[in-house]
>>> print(open('input-v6.csv').read())   # CSV, C-alpha atoms
chain,number,residue,atom,x,y,z
T,104,MET,CA,213.1,137.9,29.7
T,105,ARG,CA,213.3,140.9,32.1
T,106,VAL,CA,213.6,144.4,30.7
T,107,THR,CA,215.3,147.2,32.6
T,108,SER,CA,213.9,150.7,33.2
T,109,ASP,CA,214.9,153.8,35.1
T,110,LYS,CA,212.7,152.7,38.0
T,111,PRO,CA,214.3,149.6,39.7
T,112,CYS,CA,212.2,147.9,42.4
T,113,LYS,CA,213.4,146.4,45.6
T,114,ASN,CA,212.7,142.8,44.5
T,115,GLY,CA,215.1,143.1,41.6
T,116,GLY,CA,212.5,143.9,39.0
T,117,TYR,CA,211.7,147.1,37.2
T,118,LEU,CA,208.6,149.4,37.0
T,119,HIS,CA,207.3,150.1,33.4
T,120,PRO,CA,204.6,152.9,33.1
T,121,VAL,CA,202.3,152.3,30.1
T,122,GLY,CA,201.9,155.6,28.2
T,123,SER,CA,200.4,158.4,30.2
T,124,LEU,CA,198.2,156.1,32.3
T,125,PRO,CA,198.9,155.6,36.0
T,126,VAL,CA,200.6,152.4,36.9
T,127,ALA,CA,198.2,150.0,38.6
T,128,ARG,CA,199.5,148.7,41.9
T,129,PRO,CA,198.7,145.1,42.7
T,130,VAL,CA,196.3,144.6,45.6
T,131,TYR,CA,197.2,141.6,47.8
T,132,ARG,CA,194.6,140.1,50.1
T,133,GLN,CA,196.2,139.6,53.5
T,134,ARG,CA,195.8,136.0,54.8
T,135,GLU,CA,194.4,135.7,58.3
T,136,THR,CA,197.5,133.5,59.2
T,137,ASP,CA,199.8,136.4,58.2
T,138,SER,CA,198.5,138.8,60.9
T,139,VAL,CA,201.7,138.7,62.9
T,140,THR,CA,205.4,138.3,62.2
T,141,LYS,CA,206.4,134.7,62.6
T,142,ASP,CA,209.3,133.1,64.4
T,143,PHE,CA,210.6,131.8,61.1
T,144,ALA,CA,212.9,129.1,62.4
T,145,ASP,CA,210.1,127.6,64.5
T,146,LEU,CA,207.7,127.9,61.6
T,147,LEU,CA,210.0,126.0,59.3
T,148,ALA,CA,210.6,123.3,61.9
T,149,SER,CA,206.9,122.7,62.2
T,150,TRP,CA,206.5,122.0,58.4
T,151,PRO,CA,207.2,118.5,56.9
T,152,LYS,CA,210.4,117.7,55.1
T,153,ASN,CA,209.0,114.8,53.2
T,154,GLY,CA,208.0,115.1,49.5
T,155,VAL,CA,211.0,117.2,48.5
T,156,ALA,CA,211.9,114.5,45.9
T,157,VAL,CA,208.8,115.4,44.0
T,158,LEU,CA,209.9,119.0,43.7
T,159,ALA,CA,213.4,117.9,42.8
T,160,ALA,CA,212.1,115.9,39.9
T,161,THR,CA,210.0,118.8,38.7
T,162,LEU,CA,212.9,121.2,38.8
T,163,GLY,CA,215.6,118.9,37.5
T,164,VAL,CA,217.8,119.2,40.5
T,165,THR,CA,218.8,116.7,43.2
T,166,THR,CA,216.8,116.0,46.4
T,167,ASP,CA,220.0,116.5,48.4
T,168,SER,CA,220.4,120.0,47.0
T,169,LEU,CA,216.9,121.1,48.1
T,170,GLU,CA,217.3,119.5,51.5
T,171,SER,CA,220.6,121.3,52.1
T,172,LEU,CA,218.8,124.6,51.5
T,173,GLY,CA,216.2,123.7,54.1
T,174,CYS,CA,213.3,123.3,51.7
T,175,VAL,CA,210.1,122.1,53.3
T,176,TRP,CA,206.4,121.9,52.3
T,177,ALA,CA,204.2,124.7,53.8
T,178,GLU,CA,200.7,123.2,53.7
T,179,LEU,CA,199.4,126.5,55.2
T,180,TYR,CA,200.3,128.3,52.0
T,181,ARG,CA,200.2,125.3,49.6
T,182,ALA,CA,203.8,126.1,48.6
T,183,TRP,CA,207.4,125.1,49.1
T,184,ALA,CA,209.3,127.1,51.6
T,185,PHE,CA,212.9,128.1,51.6
T,186,PRO,CA,214.6,129.9,54.6
T,187,MET,CA,216.3,133.2,53.8
T,188,ARG,CA,219.3,134.0,56.0
T,189,ASN,CA,221.5,136.9,56.8
T,190,GLY,CA,225.3,136.8,56.6
T,191,ASN,CA,225.6,135.2,60.0
T,192,GLY,CA,223.3,132.4,59.0
T,193,GLU,CA,220.3,133.5,61.0
T,194,ILE,CA,216.9,133.0,59.4
T,195,ILE,CA,215.3,136.3,58.6
T,196,GLY,CA,212.5,135.3,56.3
T,197,ILE,CA,210.9,132.5,54.2
T,198,ARG,CA,210.5,132.5,50.5
T,199,LEU,CA,207.5,130.6,49.2
T,200,ARG,CA,207.1,129.0,45.7
T,201,ASN,CA,204.0,127.1,44.7
T,202,ASP,CA,203.7,124.4,42.1
T,203,GLU,CA,202.8,126.9,39.4
T,204,GLY,CA,206.1,128.7,40.0
T,205,HIS,CA,204.6,131.8,41.7
T,206,LYS,CA,206.8,133.3,44.4
T,207,TRP,CA,206.1,135.4,47.5
T,208,ALA,CA,207.2,135.5,51.1
T,209,VAL,CA,205.8,134.9,54.5
T,210,LYS,CA,204.6,138.2,56.0
T,211,GLY,CA,207.3,139.9,58.0
T,212,SER,CA,210.1,138.3,56.0
T,213,LYS,CA,213.3,140.2,55.1
T,214,GLN,CA,215.2,139.5,51.9
T,215,GLY,CA,218.1,137.2,52.6
T,216,LEU,CA,220.3,134.5,51.2
T,217,PHE,CA,219.6,130.9,50.2
T,218,CYS,CA,222.4,129.0,51.9
T,219,SER,CA,223.2,125.3,51.9
T,220,SER,CA,224.4,123.2,54.8
T,221,TYR,CA,227.5,122.0,52.9
T,222,PRO,CA,231.0,123.1,54.0
T,223,ALA,CA,232.1,126.3,52.3
T,224,SER,CA,234.7,126.4,49.6
T,225,GLU,CA,237.4,129.1,48.9
T,226,THR,CA,235.5,129.8,45.7
T,227,GLY,CA,231.9,130.8,46.2
T,228,PHE,CA,229.4,130.6,43.3
T,229,VAL,CA,226.6,133.2,43.4
T,230,THR,CA,223.3,132.5,41.8
T,231,GLU,CA,219.8,134.2,41.9
T,232,GLY,CA,217.0,132.5,43.8
T,233,PRO,CA,216.7,129.2,45.6
T,234,THR,CA,216.1,126.9,42.6
T,235,ASP,CA,219.1,128.2,40.6
T,236,THR,CA,221.1,127.6,43.8
T,237,ALA,CA,219.8,124.1,44.1
T,238,ALA,CA,220.8,123.5,40.4
T,239,ALA,CA,224.4,124.7,41.1
T,240,ILE,CA,224.7,122.5,44.2
T,241,SER,CA,223.3,119.6,42.2
T,242,ILE,CA,226.4,119.6,39.9
T,243,GLY,CA,228.8,120.0,42.8
T,244,LEU,CA,229.3,123.7,43.2
T,245,TRP,CA,229.3,125.5,46.6
T,246,ALA,CA,226.7,128.1,45.8
T,247,VAL,CA,224.7,130.8,47.6
T,248,GLY,CA,221.6,132.4,46.2
T,249,ARG,CA,220.7,136.0,46.2
T,250,PRO,CA,217.0,137.0,46.7
T,251,SER,CA,217.1,138.9,43.4
T,252,CYS,CA,219.6,140.2,40.9
T,253,LEU,CA,220.1,143.4,43.0
T,254,GLY,CA,219.6,142.1,46.5
T,255,GLY,CA,221.6,140.6,49.4
T,256,THR,CA,224.9,142.2,48.8
T,257,GLU,CA,225.8,143.1,52.4
T,258,HIS,CA,224.6,139.7,53.6
T,259,LEU,CA,226.7,138.1,51.0
T,260,LYS,CA,229.8,140.1,51.9
T,261,THR,CA,229.3,139.1,55.6
T,262,LEU,CA,228.7,135.4,54.8
T,263,PHE,CA,231.8,135.1,52.5
T,264,ARG,CA,234.0,136.8,55.2
T,265,ASN,CA,232.7,134.5,57.9
T,266,LYS,CA,233.2,131.4,55.7
T,267,GLY,CA,236.6,132.3,54.4
T,268,VAL,CA,235.6,132.6,50.8
T,269,ARG,CA,238.4,134.2,48.8
T,270,ARG,CA,236.9,134.6,45.4
T,271,ALA,CA,233.4,134.7,43.8
T,272,VAL,CA,232.1,133.4,40.6
T,273,LEU,CA,228.9,135.2,39.6
T,274,LEU,CA,226.5,133.0,37.6
T,275,ALA,CA,224.3,135.7,36.1
T,276,ASP,CA,220.9,135.0,34.5
T,277,ASN,CA,221.2,135.4,30.8
T,278,ASP,CA,219.3,138.7,30.5
T,279,GLN,CA,220.1,142.4,30.9
T,280,PRO,CA,218.9,142.8,34.6
T,281,GLY,CA,220.8,139.6,35.6
T,282,ILE,CA,224.1,140.7,33.9
T,283,GLN,CA,223.8,144.3,35.2
T,284,GLY,CA,223.1,143.0,38.7
T,285,ALA,CA,226.2,140.7,38.5
T,286,GLU,CA,228.3,143.6,37.3
T,287,ARG,CA,227.1,145.8,40.2
T,288,LEU,CA,227.9,143.0,42.7
T,289,ALA,CA,231.3,142.5,41.2
T,290,SER,CA,232.1,146.2,42.0
T,291,GLU,CA,230.8,146.0,45.6
T,292,ILE,CA,231.7,142.5,46.9
T,293,GLY,CA,235.3,143.3,47.7
T,294,LEU,CA,236.7,140.0,46.3
T,295,PRO,CA,238.3,138.9,43.0
T,296,THR,CA,235.3,137.9,40.8
T,297,ALA,CA,234.6,136.1,37.5
T,298,LEU,CA,231.3,136.8,35.8
T,299,LEU,CA,229.9,133.8,33.9
T,300,VAL,CA,226.8,133.9,31.6
T,301,LEU,CA,226.1,130.3,30.9
T,302,PRO,CA,224.6,129.2,27.4
T,303,ALA,CA,221.1,129.0,28.8
T,304,LYS,CA,218.4,131.2,30.4
T,305,ASP,CA,219.7,130.6,33.9
T,306,VAL,CA,221.6,128.0,35.9
T,307,ARG,CA,218.7,125.6,36.3
T,308,GLU,CA,218.1,125.5,32.6
T,309,PHE,CA,221.8,124.9,32.0
T,310,VAL,CA,221.7,121.9,34.4
T,311,GLN,CA,218.4,120.6,32.8
T,312,MET,CA,220.1,120.7,29.4
T,313,GLY,CA,222.9,118.5,30.7
T,314,GLY,CA,225.3,121.1,32.0
T,315,THR,CA,228.0,119.9,34.4
T,316,ARG,CA,230.6,121.2,36.8
T,317,GLN,CA,233.3,120.3,34.3
T,318,MET,CA,231.6,122.5,31.7
T,319,VAL,CA,231.4,125.4,34.2
T,320,GLU,CA,235.1,125.0,35.0
T,321,THR,CA,236.0,124.9,31.3
T,322,ILE,CA,234.2,128.2,30.7
T,323,LEU,CA,235.7,129.6,33.9
T,324,HIS,CA,239.2,128.7,32.7
T,325,ASP,CA,238.8,131.0,29.8
T,326,THR,CA,237.3,133.8,31.9
T,327,ILE,CA,239.3,136.9,33.0
T,328,TRP,CA,239.1,137.4,36.7
T,329,ARG,CA,238.6,140.9,38.0
T,330,THR,CA,240.5,142.1,40.9
T,331,CYS,CA,238.5,143.8,43.7
T,332,PRO,CA,238.2,147.6,43.3
>>> encode(input="input-v6.csv", output="structure tokens")
Amino acid sequence: MRVTSDKPCKNGGYLHPVGSLPVARPVYRQRETDSVTKDFADLLASWPKNGVAVLAATLGVTTDSLESLGCVWAELYRAWAFPMRNGNGEIIGIRLRNDEGHKWAVKGSKQGLFCSSYPASETGFVTEGPTDTAAAISIGLWAVGRPSCLGGTEHLKTLFRNKGVRRAVLLADNDQPGIQGAERLASEIGLPTALLVLPAKDVREFVQMGGTRQMVETILHDTIWRTCP
């Protein structure tokens, strides 16, 4: 469960000082392979696409959903890799996720969107992170993932404009930062929006518990849409 503070961080988290002690900054050891910014598209193309079914089974999502997001195995980092894109679909970074669930990015990456290769719908579902996006896709929703609960707004606006998306359903994580981030996005995205907080921690848990597209649409039917400001 995330807890907010008056010191939001760029990655969507929050800084929490402990008493009067200075806050310790994590020290990350730079890998030799990270010495220069990569050509992200070429880097992803050089990594194998096989084995995604194993990750799908672990996450409780479909293999097709992960493949549509461009997920590959990055042996160099011993992690799964997801391309991050700008609003025009260009790859601007790579999110990494190892088998323990730890997340980081290839050096030089910029925060971007997790986009599937499926044709767009007039209704776009917005999630947080690549695995929640895969879960939404697994139940038949056209979904795009933000890099965090506060990130990717301008990229998302550009993408939806380019794809002809006319309204947005914001699938917020069921915690205060997730809901606040969705509220903020609703005020900035410039489209009619519906904010849905599913009866689970996040979209992936909802799907793992047996949640379906029909259930989402039932909840959405009783949700009041907000007109764009």
>>> residues_around(input="input-v6.csv", residues="T:Lys260", least_positions_apart="2", cutoff="8 Å", atoms="all atoms listed in the file", output="count of residues only")
9
>>> closest_residue(input="input-v6.csv", among="T:Ser224, T:Leu172, T:Ala144, T:Ile240", to="T:Gly196", atoms="only C-alpha atoms")
T:Ala144
>>> atom_distance(input="input-v6.csv", atom1="atom CA of T:Leu299", atom2="atom CA of T:Leu323")
7.2 Å
>>> residues_around(input="input-v6.csv", residues="T:Ala238", least_positions_apart="6", cutoff="9 Å", atoms="all atoms listed in the file", output="list in words")
Leu162, Gly163, Val164, Thr165, Ser168, Leu169, Leu244, Val306, Arg307, Glu308, Phe309, Val310 and Gln311 of chain T
>>> atom_distance(input="input-v6.csv", atom1="atom CA of T:Glu231", atom2="atom CA of T:His324")
22.2 Å
>>> closest_residue(input="input-v6.csv", among="T:Leu259, T:Arg270, T:Ala239, T:Ala275", to="T:Thr315", atoms="only C-alpha atoms")
T:Ala239
>>> closest_residue(input="input-v6.csv", among="T:Cys252, T:Ala223, T:Ile242, T:Ile197", to="T:Asn265", atoms="only C-alpha atoms")
T:Ala223
>>> residues_around(input="input-v6.csv", residues="T:Arg269", least_positions_apart="6", cutoff="7 Å", atoms="all atoms listed in the file", output="number ranges by chain")
T: 225-226, 294
>>> write_last_selection(input="input-v6.csv", atoms="C-alpha atoms", output="short mmCIF file (atom, residue, chain, number, x, y, z; two decimals), keeping the file's coordinate frame")
data_model
loop_
_atom_site.label_atom_id
_atom_site.label_comp_id
_atom_site.auth_asym_id
_atom_site.auth_seq_id
_atom_site.Cartn_x
_atom_site.Cartn_y
_atom_site.Cartn_z
CA GLU T 225 237.40 129.10 48.90
CA THR T 226 235.50 129.80 45.70
CA LEU T 294 236.70 140.00 46.30
#
>>> residues_around(input="input-v6.csv", residues="T:Trp328", least_positions_apart="3", cutoff="8 Å", atoms="all atoms listed in the file", output="ChimeraX atom specification")
/T:295-298
>>> atom_distance(input="input-v6.csv", atom1="atom CA of T:Ile194", atom2="atom CA of T:Thr261")
14.3 Å
>>> closest_residue(input="input-v6.csv", among="T:Ser290, T:Asn153, T:Ser251, T:Thr161", to="T:Ala177", atoms="all atoms listed in the file")
T:Asn153
>>> closest_residue(input="input-v6.csv", among="T:Phe228, T:Phe185, T:Trp207, T:Tyr221", to="T:Lys152", atoms="only C-alpha atoms")
T:Phe185
>>> closest_residue(input="input-v6.csv", among="T:Asp142, T:Pro222, T:Ala159, T:Met312", to="T:Glu193", atoms="only C-alpha atoms")
T:Asp142
>>> residues_near_point(input="input-v6.csv", point="(209.2, 133.7, 59.9)", cutoff="9 Å", atoms="all atoms listed in the file", output="number ranges by chain")
T: 140-147, 186, 194-197, 209-212
